[in-house]
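Have a look at query.txt; it's compact mmCIF, C-alpha atoms:
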```
# COMPACT_ATOMS: atom_id res chain seq x y z
CA MET H 1 -27.93 45.67 -66.90
CA GLN H 2 -25.67 42.68 -67.39
CA ASN H 3 -25.71 39.96 -70.05
CA GLU H 4 -28.41 41.57 -72.16
CA GLN H 5 -28.88 39.97 -75.55
CA ARG H 6 -29.36 42.15 -78.62
CA GLU H 7 -30.43 40.66 -81.91
CA VAL H 8 -31.14 43.77 -83.92
CA ALA H 9 -31.03 42.36 -87.44
CA SER H 10 -33.52 39.55 -87.05
CA ASN H 11 -36.52 41.66 -86.01
CA GLU H 12 -36.83 43.36 -89.41
CA GLY H 13 -39.21 40.74 -90.81
CA LEU H 14 -41.54 41.17 -87.86
CA ARG H 15 -41.41 44.94 -88.18
CA ALA H 16 -42.32 44.71 -91.86
CA ASN H 17 -45.26 42.42 -91.08
CA LEU H 18 -46.45 44.75 -88.32
CA LYS H 19 -46.32 47.72 -90.69
CA GLU H 20 -48.43 45.89 -93.23
CA CYS H 21 -50.81 44.79 -90.51
CA ALA H 22 -51.22 48.41 -89.39
CA ARG H 23 -51.92 49.48 -92.97
CA GLN H 24 -54.64 46.84 -93.34
CA LEU H 25 -56.22 47.69 -90.01
CA LYS H 26 -56.28 51.38 -90.90
CA ALA H 27 -58.16 50.62 -94.11
CA ARG H 28 -60.56 48.36 -92.20
CA ASN H 29 -61.15 51.04 -89.56
CA ARG H 30 -61.87 53.66 -92.20
CA ARG H 31 -64.50 51.41 -93.74
CA ARG H 32 -66.04 50.69 -90.34
CA GLU H 33 -66.10 54.40 -89.51
CA ASP H 34 -68.14 55.03 -92.63
CA GLU H 35 -70.50 52.17 -91.80
CA THR H 36 -71.21 53.50 -88.31
CA LYS H 37 -71.14 57.25 -88.89
CA ASP H 38 -74.94 57.65 -88.69
CA ILE H 39 -75.54 55.11 -85.95
CA LEU H 40 -75.94 55.61 -82.23
CA PRO H 41 -74.32 52.84 -80.22
CA ILE H 42 -76.01 50.52 -77.78
CA VAL H 43 -73.87 49.55 -74.84
CA SER H 44 -75.10 45.99 -74.98
CA PHE H 45 -71.81 44.46 -73.95
CA HIS H 46 -72.24 45.52 -70.36
CA SER H 47 -73.53 42.85 -68.05
CA GLY H 48 -74.53 45.23 -65.27
CA VAL H 49 -71.86 44.00 -62.90
CA GLY H 50 -68.77 44.58 -64.99
CA TRP H 51 -67.42 43.68 -68.38
CA GLU H 52 -66.51 40.18 -69.28
CA VAL H 53 -62.83 39.46 -68.92
CA ASP H 54 -62.52 38.81 -72.65
CA ASP H 55 -64.00 42.23 -73.39
CA ILE H 56 -61.39 43.91 -71.24
CA THR H 57 -58.61 41.87 -72.82
CA GLY H 58 -60.13 42.47 -76.21
CA THR H 59 -59.85 46.20 -75.80
CA PHE H 60 -56.09 45.85 -76.01
CA TRP H 61 -56.00 44.28 -79.45
CA MET K 1 -35.24 30.77 -58.59
CA MET K 2 -34.20 28.99 -61.78
CA THR K 3 -37.70 27.63 -62.25
CA GLU K 4 -39.19 31.13 -62.05
CA THR K 5 -36.72 32.44 -64.60
CA ARG K 6 -37.40 29.53 -66.94
CA GLY K 7 -41.13 30.12 -66.68
CA LEU K 8 -40.81 33.74 -67.77
CA ASP K 9 -38.36 32.83 -70.53
CA GLN K 10 -40.81 30.29 -71.86
CA CYS K 11 -43.61 32.86 -71.85
CA VAL K 12 -41.46 35.29 -73.81
CA ASP K 13 -40.44 32.55 -76.26
CA ARG K 14 -44.07 31.66 -76.86
CA MET K 15 -45.02 35.30 -77.37
CA HIS K 16 -42.23 35.70 -79.94
CA GLU K 17 -43.41 32.55 -81.69
CA GLY K 18 -46.94 33.97 -81.75
CA LEU K 19 -45.76 37.27 -83.19
CA GLY K 20 -43.70 35.35 -85.72
CA ARG K 21 -46.90 33.74 -87.03
CA LEU K 22 -48.22 37.15 -87.95
CA ARG K 23 -48.50 37.13 -91.72
CA VAL K 24 -49.81 39.61 -94.18
CA GLY K 25 -53.01 38.08 -95.48
CA ALA K 26 -56.21 38.89 -97.26
CA ASP K 27 -58.31 38.81 -94.10
CA ASP K 28 -57.40 41.88 -92.07
CA THR K 29 -59.37 40.75 -89.01
CA SER K 30 -57.30 37.58 -88.76
CA GLN K 31 -54.30 39.75 -87.95
CA VAL K 32 -56.02 40.89 -84.79
CA SER K 33 -56.77 37.28 -83.92
CA PHE K 34 -53.11 36.36 -84.31
CA LEU K 35 -52.03 39.24 -82.11
CA ARG K 36 -54.57 38.44 -79.43
CA ALA K 37 -53.56 34.80 -79.45
CA ALA K 38 -49.87 35.66 -79.13
CA PHE K 39 -50.59 37.38 -75.82
CA ARG K 40 -53.69 35.62 -74.53
CA ASP K 41 -52.16 32.17 -74.63
CA ILE K 42 -49.62 33.08 -71.98
CA MET K 43 -51.81 35.20 -69.70
CA GLU K 44 -52.45 32.40 -67.21
CA GLU K 45 -48.78 31.60 -66.90
CA ILE K 46 -47.88 35.23 -66.36
CA LYS K 47 -50.55 35.37 -63.68
CA GLY K 48 -48.78 32.56 -61.85
CA GLU K 49 -45.50 34.46 -62.07
CA ILE K 50 -47.14 37.58 -60.62
CA VAL K 51 -48.53 35.64 -57.70
CA ALA K 52 -45.11 34.10 -57.06
CA SER K 53 -43.39 37.49 -57.22
CA LEU K 54 -45.80 39.01 -54.73
CA GLU K 55 -45.58 36.06 -52.39
CA ARG K 56 -41.78 36.40 -52.35
CA SER K 57 -42.10 40.08 -51.36
CA ALA K 58 -41.31 41.15 -47.80
CA PRO K 59 -44.88 42.21 -46.84
CA SER K 60 -46.24 38.79 -47.78
CA GLN K 61 -43.36 37.03 -46.06
CA ILE K 62 -43.74 39.08 -42.87
CA THR K 63 -47.50 38.87 -42.57
CA GLY K 64 -47.83 35.40 -44.05
CA SER K 65 -50.83 36.57 -46.05
CA SER K 66 -51.39 37.06 -49.73
CA LEU K 67 -51.56 40.54 -51.25
CA ILE K 68 -53.74 39.51 -54.13
CA GLU K 69 -56.86 38.02 -52.67
CA ARG K 70 -59.03 41.03 -53.38
CA HIS K 71 -62.07 40.48 -55.48
CA GLY K 72 -61.48 40.97 -59.15
CA TRP K 73 -57.70 41.24 -59.11
CA LYS K 74 -56.90 37.79 -60.39
CA ASP K 75 -59.45 37.97 -63.17
CA LEU K 76 -59.13 41.52 -64.34
CA TYR K 77 -56.27 43.62 -63.05
CA ILE K 78 -53.66 40.91 -63.35
CA ARG K 79 -54.81 40.27 -66.90
CA SER K 80 -54.30 43.85 -67.97
CA PHE K 81 -50.97 43.93 -66.16
CA SER K 82 -49.91 40.77 -67.99
CA PHE K 83 -50.74 42.35 -71.30
CA TRP K 84 -48.77 45.53 -70.69
CA PHE K 85 -45.73 43.68 -69.40
CA MET K 86 -45.62 41.32 -72.37
CA PHE K 87 -46.28 44.23 -74.73
CA TYR K 88 -43.31 46.02 -73.17
CA VAL K 89 -41.09 42.98 -73.69
CA ALA K 90 -42.29 42.71 -77.32
CA TRP K 91 -41.73 46.45 -77.83
CA MET K 92 -38.15 46.23 -76.52
CA TRP K 93 -37.59 43.55 -79.15
CA THR K 94 -39.31 45.12 -82.15
CA GLN K 95 -38.11 48.65 -81.48
CA PHE K 96 -34.60 48.21 -80.10
CA GLY K 97 -33.69 44.62 -80.87
CA VAL K 98 -33.33 43.90 -77.16
CA LYS K 99 -34.36 40.38 -76.26
CA LEU K 100 -34.81 40.24 -72.52
CA ARG K 101 -33.91 36.87 -71.06
CA GLY K 102 -33.03 35.13 -67.82
CA ARG K 103 -32.10 37.22 -64.84
CA ASP K 104 -32.67 40.55 -66.58
CA LEU K 105 -36.17 39.51 -67.59
CA GLU K 106 -36.94 38.43 -64.05
CA ARG K 107 -35.61 41.68 -62.55
CA LEU K 108 -37.66 43.78 -64.92
CA PHE K 109 -40.74 41.68 -64.24
CA ASN K 110 -40.38 42.25 -60.50
CA VAL K 111 -40.02 45.99 -61.09
CA TRP K 112 -43.33 45.95 -62.98
CA VAL K 113 -45.08 43.84 -60.36
CA HIS K 114 -43.88 45.93 -57.42
CA GLY K 115 -44.81 49.23 -59.09
CA SER K 116 -48.19 48.16 -60.42
CA PHE K 117 -49.38 46.54 -57.20
CA GLY K 118 -47.77 49.08 -54.88
CA TYR K 119 -49.60 52.01 -56.46
CA ARG K 120 -52.76 49.92 -56.76
CA LEU K 121 -52.72 49.13 -53.02
CA LEU K 122 -52.32 52.81 -52.13
CA ASP K 123 -55.14 53.73 -54.49
CA LEU K 124 -57.40 51.13 -52.89
CA HIS K 125 -56.56 52.45 -49.45
CA LEU K 126 -57.61 55.94 -50.50
CA ASP K 127 -60.74 54.85 -52.39
CA GLU K 128 -62.31 52.05 -50.43
CA ALA K 129 -63.40 51.86 -46.83
CA SER K 130 -62.64 48.14 -46.78
CA ALA K 131 -58.93 48.64 -47.52
CA THR K 132 -56.66 47.94 -44.57
CA ASP K 133 -53.71 49.82 -43.10
CA GLN K 134 -51.67 46.70 -43.70
CA GLU K 135 -52.36 47.01 -47.44
CA ALA K 136 -51.28 50.67 -47.44
CA ILE K 137 -48.00 49.82 -45.70
CA ALA K 138 -47.43 46.96 -48.14
CA GLY K 139 -48.10 49.40 -50.99
CA LEU K 140 -45.45 51.81 -49.73
CA TRP K 141 -42.93 48.99 -49.44
CA LEU K 142 -43.66 47.75 -52.95
CA ILE K 143 -43.27 51.26 -54.41
CA ALA K 144 -39.93 51.69 -52.66
CA GLU K 145 -38.78 48.34 -54.03
CA HIS K 146 -40.06 49.31 -57.50
CA GLU K 147 -37.96 52.48 -57.46
CA LYS K 148 -34.86 50.67 -56.23
CA GLY K 149 -35.37 48.08 -58.96
CA LEU K 150 -35.62 50.78 -61.63
CA LEU K 151 -32.38 52.39 -60.48
CA ASP K 152 -30.59 49.03 -60.32
CA PHE K 153 -31.80 48.08 -63.79
CA PHE K 154 -31.48 51.32 -65.72
CA GLY K 155 -28.63 52.84 -63.74
CA HIS K 156 -28.28 55.30 -60.89
CA GLU K 157 -27.77 58.32 -63.13
CA GLN K 158 -29.45 61.62 -62.38
CA GLN K 159 -31.86 61.48 -65.34
CA VAL K 160 -33.13 58.06 -64.24
CA LEU K 161 -33.88 59.42 -60.79
CA GLN K 162 -35.58 62.46 -62.33
CA HIS K 163 -37.88 60.27 -64.43
CA ILE K 164 -38.83 58.24 -61.35
CA GLN K 165 -39.51 61.33 -59.25
CA ARG K 166 -41.50 62.98 -62.02
CA ALA K 167 -43.69 59.90 -62.41
CA LYS K 168 -44.38 59.69 -58.69
CA THR K 169 -45.23 63.40 -58.52
CA GLU K 170 -47.60 63.06 -61.47
CA TRP K 171 -49.35 60.10 -59.88
CA CYS K 172 -49.68 61.93 -56.54
CA ALA K 173 -51.04 65.07 -58.24
CA ALA K 174 -53.66 63.02 -60.12
CA GLU K 175 -54.70 61.26 -56.90
CA LEU K 176 -54.93 64.54 -54.99
CA GLN K 177 -57.07 66.05 -57.75
CA GLU K 178 -59.33 62.98 -57.83
CA LYS K 179 -59.82 62.90 -54.07
CA SER K 180 -60.43 66.65 -53.84
CA GLN K 181 -63.35 66.31 -56.25
CA ARG K 182 -64.89 63.29 -54.53
CA GLY K 183 -68.66 63.70 -54.26
CA LYS K 184 -68.55 66.92 -56.31
CA SER K 185 -67.73 66.45 -59.99
CA CYS K 186 -65.47 64.68 -62.43
CA PRO K 187 -61.87 65.85 -61.87
CA ILE K 188 -61.08 65.41 -65.58
CA PRO K 189 -62.30 68.18 -67.89
CA SER K 190 -64.19 66.89 -70.95
CA GLU K 191 -61.96 68.91 -73.25
CA ASN K 192 -58.84 67.12 -71.96
CA PRO K 193 -59.72 63.43 -71.51
CA VAL K 194 -56.07 62.41 -71.76
CA ALA K 195 -55.63 63.72 -68.20
CA CYS K 196 -57.35 60.57 -66.96
CA ALA K 197 -54.16 58.71 -67.91
CA ASP K 198 -51.96 60.66 -65.50
CA LYS K 199 -52.13 57.88 -62.93
CA ALA K 200 -50.30 55.65 -65.40
CA ALA K 201 -47.12 57.71 -64.97
CA PRO K 202 -45.33 54.95 -63.01
CA ILE K 203 -45.88 52.58 -65.95
CA PHE K 204 -44.86 55.14 -68.56
CA VAL K 205 -41.56 55.67 -66.76
CA LEU K 206 -40.49 52.18 -67.89
CA PHE K 207 -40.97 53.17 -71.54
CA ALA K 208 -39.20 56.48 -70.94
CA LEU K 209 -36.19 54.81 -69.34
CA ALA K 210 -35.95 52.26 -72.17
CA LEU K 211 -35.96 55.14 -74.67
CA GLU K 212 -33.21 56.84 -72.68
CA ARG K 213 -31.12 53.70 -72.63
CA TYR K 214 -31.68 52.07 -76.01
CA GLY K 215 -33.42 54.57 -78.22
CA THR K 216 -33.71 58.28 -78.64
CA ALA K 217 -34.26 60.27 -75.48
CA SER K 218 -35.68 63.17 -77.49
CA LEU K 219 -38.69 60.97 -78.37
CA VAL K 220 -39.79 60.62 -74.73
CA PRO K 221 -42.35 63.48 -74.95
CA THR K 222 -43.89 62.02 -78.14
CA TYR K 223 -44.13 58.57 -76.59
CA LYS K 224 -45.71 60.08 -73.51
CA LYS K 225 -48.46 61.63 -75.62
CA LEU K 226 -48.86 58.39 -77.56
CA ILE K 227 -49.01 56.03 -74.58
CA TYR K 228 -51.23 58.32 -72.49
CA ARG K 229 -53.76 58.42 -75.33
CA LEU K 230 -53.91 54.64 -75.41
CA VAL K 231 -54.11 54.40 -71.63
CA ALA K 232 -56.86 57.03 -71.63
CA THR K 233 -59.00 54.93 -73.98
CA THR K 234 -58.67 51.98 -71.59
CA GLN K 235 -59.42 54.21 -68.60
CA LEU K 236 -62.55 55.62 -70.24
CA LEU K 237 -63.80 52.10 -70.95
CA ASP K 238 -63.00 51.11 -67.37
CA ASP K 239 -64.90 54.16 -66.16
CA LEU K 240 -67.92 53.08 -68.18
CA SER K 241 -67.63 49.59 -66.77
CA ASP K 242 -67.14 50.72 -63.16
CA LEU K 243 -69.96 53.29 -62.98
CA GLU K 244 -71.85 51.52 -60.19
CA ASP K 245 -68.84 51.20 -57.89
CA ASP K 246 -67.49 54.66 -58.66
CA ILE K 247 -70.82 56.40 -58.05
CA ALA K 248 -71.34 54.39 -54.87
CA ASN K 249 -67.92 55.60 -53.64
CA GLY K 250 -68.66 59.23 -54.58
CA PHE K 251 -66.54 59.40 -57.74
CA PHE K 252 -67.86 60.93 -60.94
CA THR K 253 -65.89 60.03 -64.05
CA ILE K 254 -65.95 61.40 -67.60
CA PRO K 255 -69.00 59.39 -68.74
CA CYS K 256 -70.94 61.23 -65.99
CA ASN K 257 -69.91 64.75 -67.00
CA GLY K 258 -72.81 67.20 -66.71
CA LEU K 259 -75.12 64.71 -65.00
CA GLU K 260 -73.63 64.86 -61.50
CA ASP K 261 -76.58 66.64 -59.84
CA THR K 262 -79.03 64.06 -61.17
CA LEU K 263 -76.82 61.06 -60.54
CA ARG K 264 -76.18 61.80 -56.87
CA THR K 265 -79.92 61.64 -56.18
CA LEU K 266 -80.21 58.10 -57.61
CA PRO K 267 -79.18 54.65 -56.38
CA PRO K 268 -75.83 53.72 -58.05
CA ALA K 269 -77.30 51.02 -60.31
CA GLN K 270 -80.02 53.33 -61.57
CA ALA K 271 -77.55 56.18 -62.05
CA ALA K 272 -75.20 53.93 -64.03
CA GLY K 273 -78.08 52.72 -66.19
CA LEU K 274 -79.07 56.30 -66.95
CA VAL K 275 -75.57 57.09 -68.21
CA ARG K 276 -75.25 53.97 -70.37
CA ALA K 277 -78.72 54.38 -71.87
CA ASP K 278 -77.80 57.85 -73.13
CA ALA K 279 -76.96 56.88 -76.73
CA VAL K 280 -75.71 60.32 -77.73
CA ARG K 281 -73.39 60.35 -74.71
CA MET K 282 -72.15 56.85 -75.64
CA ARG K 283 -71.56 58.00 -79.21
CA GLN K 284 -69.47 60.91 -77.95
CA LEU K 285 -67.52 58.59 -75.67
CA CYS K 286 -66.82 56.17 -78.54
CA ASP K 287 -65.75 59.04 -80.80
CA THR K 288 -63.48 60.45 -78.09
CA CYS K 289 -61.80 57.07 -77.58
CA CYS K 290 -61.39 56.49 -81.32
CA ALA K 291 -59.94 59.98 -81.80
CA LEU K 292 -57.41 59.40 -79.01
CA ALA K 293 -56.37 56.07 -80.50
CA ALA K 294 -56.14 57.58 -84.00
CA GLU K 295 -53.84 60.31 -82.68
CA ALA K 296 -51.72 57.62 -81.00
CA SER K 297 -51.55 55.72 -84.29
CA SER K 298 -50.34 58.80 -86.16
CA MET K 299 -47.68 59.45 -83.55
CA ALA K 300 -46.53 55.81 -83.70
CA GLU K 301 -46.24 56.04 -87.48
CA MET K 302 -44.28 59.27 -87.11
CA VAL K 303 -41.69 57.65 -84.82
CA ASP K 304 -41.60 54.48 -86.97
CA ASP K 305 -42.99 52.23 -84.24
CA PRO K 306 -45.13 49.56 -85.97
CA LEU K 307 -46.02 47.66 -82.78
CA PHE K 308 -47.61 50.71 -81.17
CA GLU K 309 -49.23 51.61 -84.47
CA VAL K 310 -50.85 48.17 -84.65
CA LEU K 311 -51.92 48.42 -81.02
CA ALA K 312 -53.60 51.79 -81.66
CA GLU K 313 -55.37 50.58 -84.81
CA SER K 314 -56.44 47.39 -83.05
CA ARG K 315 -57.86 49.54 -80.27
CA ILE K 316 -60.00 51.46 -82.77
CA PHE K 317 -61.11 48.16 -84.29
CA MET K 318 -62.16 46.81 -80.88
CA LEU K 319 -63.84 50.06 -79.82
CA ARG K 320 -66.15 50.01 -82.82
CA THR K 321 -66.87 46.34 -82.21
CA LEU K 322 -67.70 46.95 -78.54
CA PHE K 323 -69.90 49.97 -79.12
CA PHE K 324 -71.72 48.82 -82.23
CA GLN K 325 -72.06 45.06 -81.87
CA GLY K 326 -75.41 43.43 -81.11
CA GLY K 327 -78.88 44.84 -80.82
CA ASP K 328 -80.70 46.94 -83.34
CA PRO K 329 -78.73 50.11 -83.79
CA CYS K 330 -80.64 53.28 -83.13
CA ARG K 331 -80.23 55.18 -86.39
CA THR K 332 -80.29 58.93 -86.36
CA SER K 333 -79.08 61.63 -88.69
CA SER K 334 -78.11 63.84 -85.77
CA ALA K 335 -75.46 61.48 -84.43
CA LYS K 336 -72.00 63.00 -84.79
```
Hey, can you dump this file as structure tokens for me?
Amino acid sequence: MQNEQREVASNEGLRANLKECARQLKARNRRREDETKDILPIVSFHSGVGWEVDDITGTFW
Amino acid sequence: MMTETRGLDQCVDRMHEGLGRLRVGADDTSQVSFLRAAFRDIMEEIKGEIVASLERSAPSQITGSSLIERHGWKDLYIRSFSFWFMFYVAWMWTQFGVKLRGRDLERLFNVWVHGSFGYRLLDLHLDEASATDQEAIAGLWLIAEHEKGLLDFFGHEQQVLQHIQRAKTEWCAAELQEKSQRGKSCPIPSENPVACADKAAPIFVLFALALERYGTASLVPTYKKLIYRLVATTQLLDDLSDLEDDIANGFFTIPCNGLEDTLRTLPPAQAAGLVRADAVRMRQLCDTCCALAAEASSMAEMVDDPLFEVLAESRIFMLRTLFFQGGDPCRTSSAK
């Protein structure tokens, strides 16, 4: 690979923010797990012909 | 050519800007919104780049016809492809400090496009009666170009070739298993749902080769477990979404496990409805997906990879939203 650009030092701020974001999401997920532990889901998001595009995209984040 | 390169560069710049807006705040859900926005805002532009890449390919040039006119591709498949490519570019930056730009970015993008669509075309040819021989031949060409692109980008060393061959073998084995069980039962055992991610081997190889080149090659097996768990959650959701089509084509997927004898006696729409109305089955599916994503999150934390860790936790967040939003929840003490 030619002419690749490496800027190692300047991604540390982003990495720190991502770590904190992961920590917050973990705490949020634990709370949500408790809230739903005695509930059976209803697959109401299905339209019958396929999921909405935003639902598919939403499953990534 | 310069215009295409500039377009991709601009997409990557915008994604980096979006990630740069990520701030630690009081509202944890806003973090997910920032992340989604960083990727979603450029999806349409990436789609245009995919179309251009495919139209430049030899099969399109020779036949004069588009490879991407199939129903659903532009709206769904290309969108998921766009996400994974941009995630890969972001991962190269956050994990290795490699900022892909210009010609290198374009080469890597073409490698992704050729691999993703080549294997997809072959899969369609095997699965659907409407697929044409022309599409199968185009798929073979695209896969060959994908492999050549990988070697040119990551180097012609023996271990690069071994990764490529291993990925192709894994994909072929998964396809053979799936086709051998057509009309019979789900080829994926319930106790090993991760196996449904085996067909993603040609995508994983890009992560493996980046680890070989920029990171720690010894982490490849851990990343394989991590990425396959995340891919499996997506695949299981896709399976739930595609029940009608899959059952109509004789394929039983994990959500159908144990119900095959009943389902094959019903019209596809009725069979799919029966599966989705089974709340205990849906609960198990949600729990399986969340457990896979939680394992992926732990592995990401172990290898100090915050982007993958956030992706895994975001996946759990979205799973619980998808399965438990709307309607009056059916409460039961027996749900586990």
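By chain and then residue number, the residues within 8 Å of stretch 264-269 of chain K are Leu243, Glu244, Asp245, Ile247, Ala248, Glu260, Asp261, Ala272 and Gly273 of chain K, counting all atoms listed in the file and disregarding those fewer than 3 positions away in sequence.
In this structure, atom CA of K:Val194 sits 13.6 Å away from atom CA of K:Pro255.
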Item to check | K:Gly118, K:Gly183, K:Gly155, K:Gly64 ranked by distance to chain H, top pick (using only C-alpha atoms) | outcome: K:Gly155
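Shortest separation to chain H among K:Gln235, K:Thr169, K:Ser80, K:Ser53 occurs at residue K:Ser80, atoms counted being all atoms listed in the file.
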Checklist entry - Which residues, protein or nucleic acid, reach to within 6 Å of (-74.6, 54.7, -81.2) in the file's coordinates when using all atoms listed in the file, and can you give that as JSON, numbers by chain? => result {"H": [39, 40, 41, 42], "K": [279, 283]}
Checklist entry - In Å, how far is it from atom CA of K:Pro193 to atom CA of K:Ala144? => result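 Distance between the two atoms: 29.7 Å.
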Next on the checklist: Report, in Å to a single decimal, how far apart atom CA of K:Ala173 and atom CA of K:Leu209 are.
Outcome noted: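 Between atom CA of K:Leu209 and atom CA of K:Ala173 the gap works out to 21.2 Å.
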Checklist entry - Between K:Lys224, K:Arg281, K:Lys47, K:Arg21, which one has atoms that come closest to K:Phe109, using only C-alpha atoms? => result K:Lys47
Checklist entry - So which one's closest to chain H, K:Val32, K:Leu142, K:Leu161, K:Ile62? Using all atoms listed in the file, please. => result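 Under the stated criterion, the closest residue is K:Val32.
Distances here use all atoms listed in the file; by that measure, the residue among K:Asp104, K:Asp133, K:Glu17, K:Glu178 closest to chain H is K:Asp104.
Distances to K:Val231 were evaluated for K:Leu211, K:Leu219, K:Cys256, K:Cys196 using all atoms listed in the file, and the minimum falls at K:Cys196.
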Could you complete stretch 24-36 of chain H so that it carries N, CA, C and O atoms, and give it back as a CSV table (one decimal), in the frame of the given file?
```csv
chain,number,residue,atom,x,y,z
H,24,GLN,N,-53.4,47.5,-93.1
H,24,GLN,CA,-54.6,46.8,-93.3
H,24,GLN,C,-55.7,47.2,-92.3
H,24,GLN,O,-56.9,47.4,-92.6
H,25,LEU,N,-55.3,47.3,-91.1
H,25,LEU,CA,-56.2,47.7,-90.0
H,25,LEU,C,-56.7,49.1,-90.2
H,25,LEU,O,-57.9,49.4,-90.0
H,26,LYS,N,-55.9,50.0,-90.6
H,26,LYS,CA,-56.3,51.4,-90.9
H,26,LYS,C,-57.4,51.4,-92.0
H,26,LYS,O,-58.4,52.1,-91.8
H,27,ALA,N,-57.2,50.7,-93.0
H,27,ALA,CA,-58.2,50.6,-94.1
H,27,ALA,C,-59.5,50.0,-93.6
H,27,ALA,O,-60.6,50.6,-93.9
H,28,ARG,N,-59.4,49.0,-92.8
H,28,ARG,CA,-60.6,48.4,-92.2
H,28,ARG,C,-61.3,49.3,-91.3
H,28,ARG,O,-62.5,49.4,-91.3
H,29,ASN,N,-60.5,50.1,-90.5
H,29,ASN,CA,-61.2,51.0,-89.6
H,29,ASN,C,-61.8,52.2,-90.3
H,29,ASN,O,-62.9,52.7,-89.9
H,30,ARG,N,-61.2,52.6,-91.4
H,30,ARG,CA,-61.9,53.7,-92.2
H,30,ARG,C,-63.2,53.2,-92.7
H,30,ARG,O,-64.2,53.9,-92.7
H,31,ARG,N,-63.2,51.9,-93.2
H,31,ARG,CA,-64.5,51.4,-93.7
H,31,ARG,C,-65.5,51.3,-92.6
H,31,ARG,O,-66.7,51.7,-92.8
H,32,ARG,N,-65.1,50.8,-91.5
H,32,ARG,CA,-66.0,50.7,-90.3
H,32,ARG,C,-66.5,52.0,-89.8
H,32,ARG,O,-67.7,52.2,-89.4
H,33,GLU,N,-65.7,53.0,-89.9
H,33,GLU,CA,-66.1,54.4,-89.5
H,33,GLU,C,-67.2,54.9,-90.4
H,33,GLU,O,-68.2,55.5,-89.9
H,34,ASP,N,-67.1,54.6,-91.7
H,34,ASP,CA,-68.1,55.0,-92.6
H,34,ASP,C,-69.4,54.3,-92.3
H,34,ASP,O,-70.5,54.9,-92.4
H,35,GLU,N,-69.3,53.0,-92.0
H,35,GLU,CA,-70.5,52.2,-91.8
H,35,GLU,C,-71.3,52.6,-90.6
H,35,GLU,O,-72.5,52.4,-90.5
H,36,THR,N,-70.6,53.2,-89.6
H,36,THR,CA,-71.2,53.5,-88.3
H,36,THR,C,-71.4,55.0,-88.1
H,36,THR,O,-71.8,55.4,-87.0
```
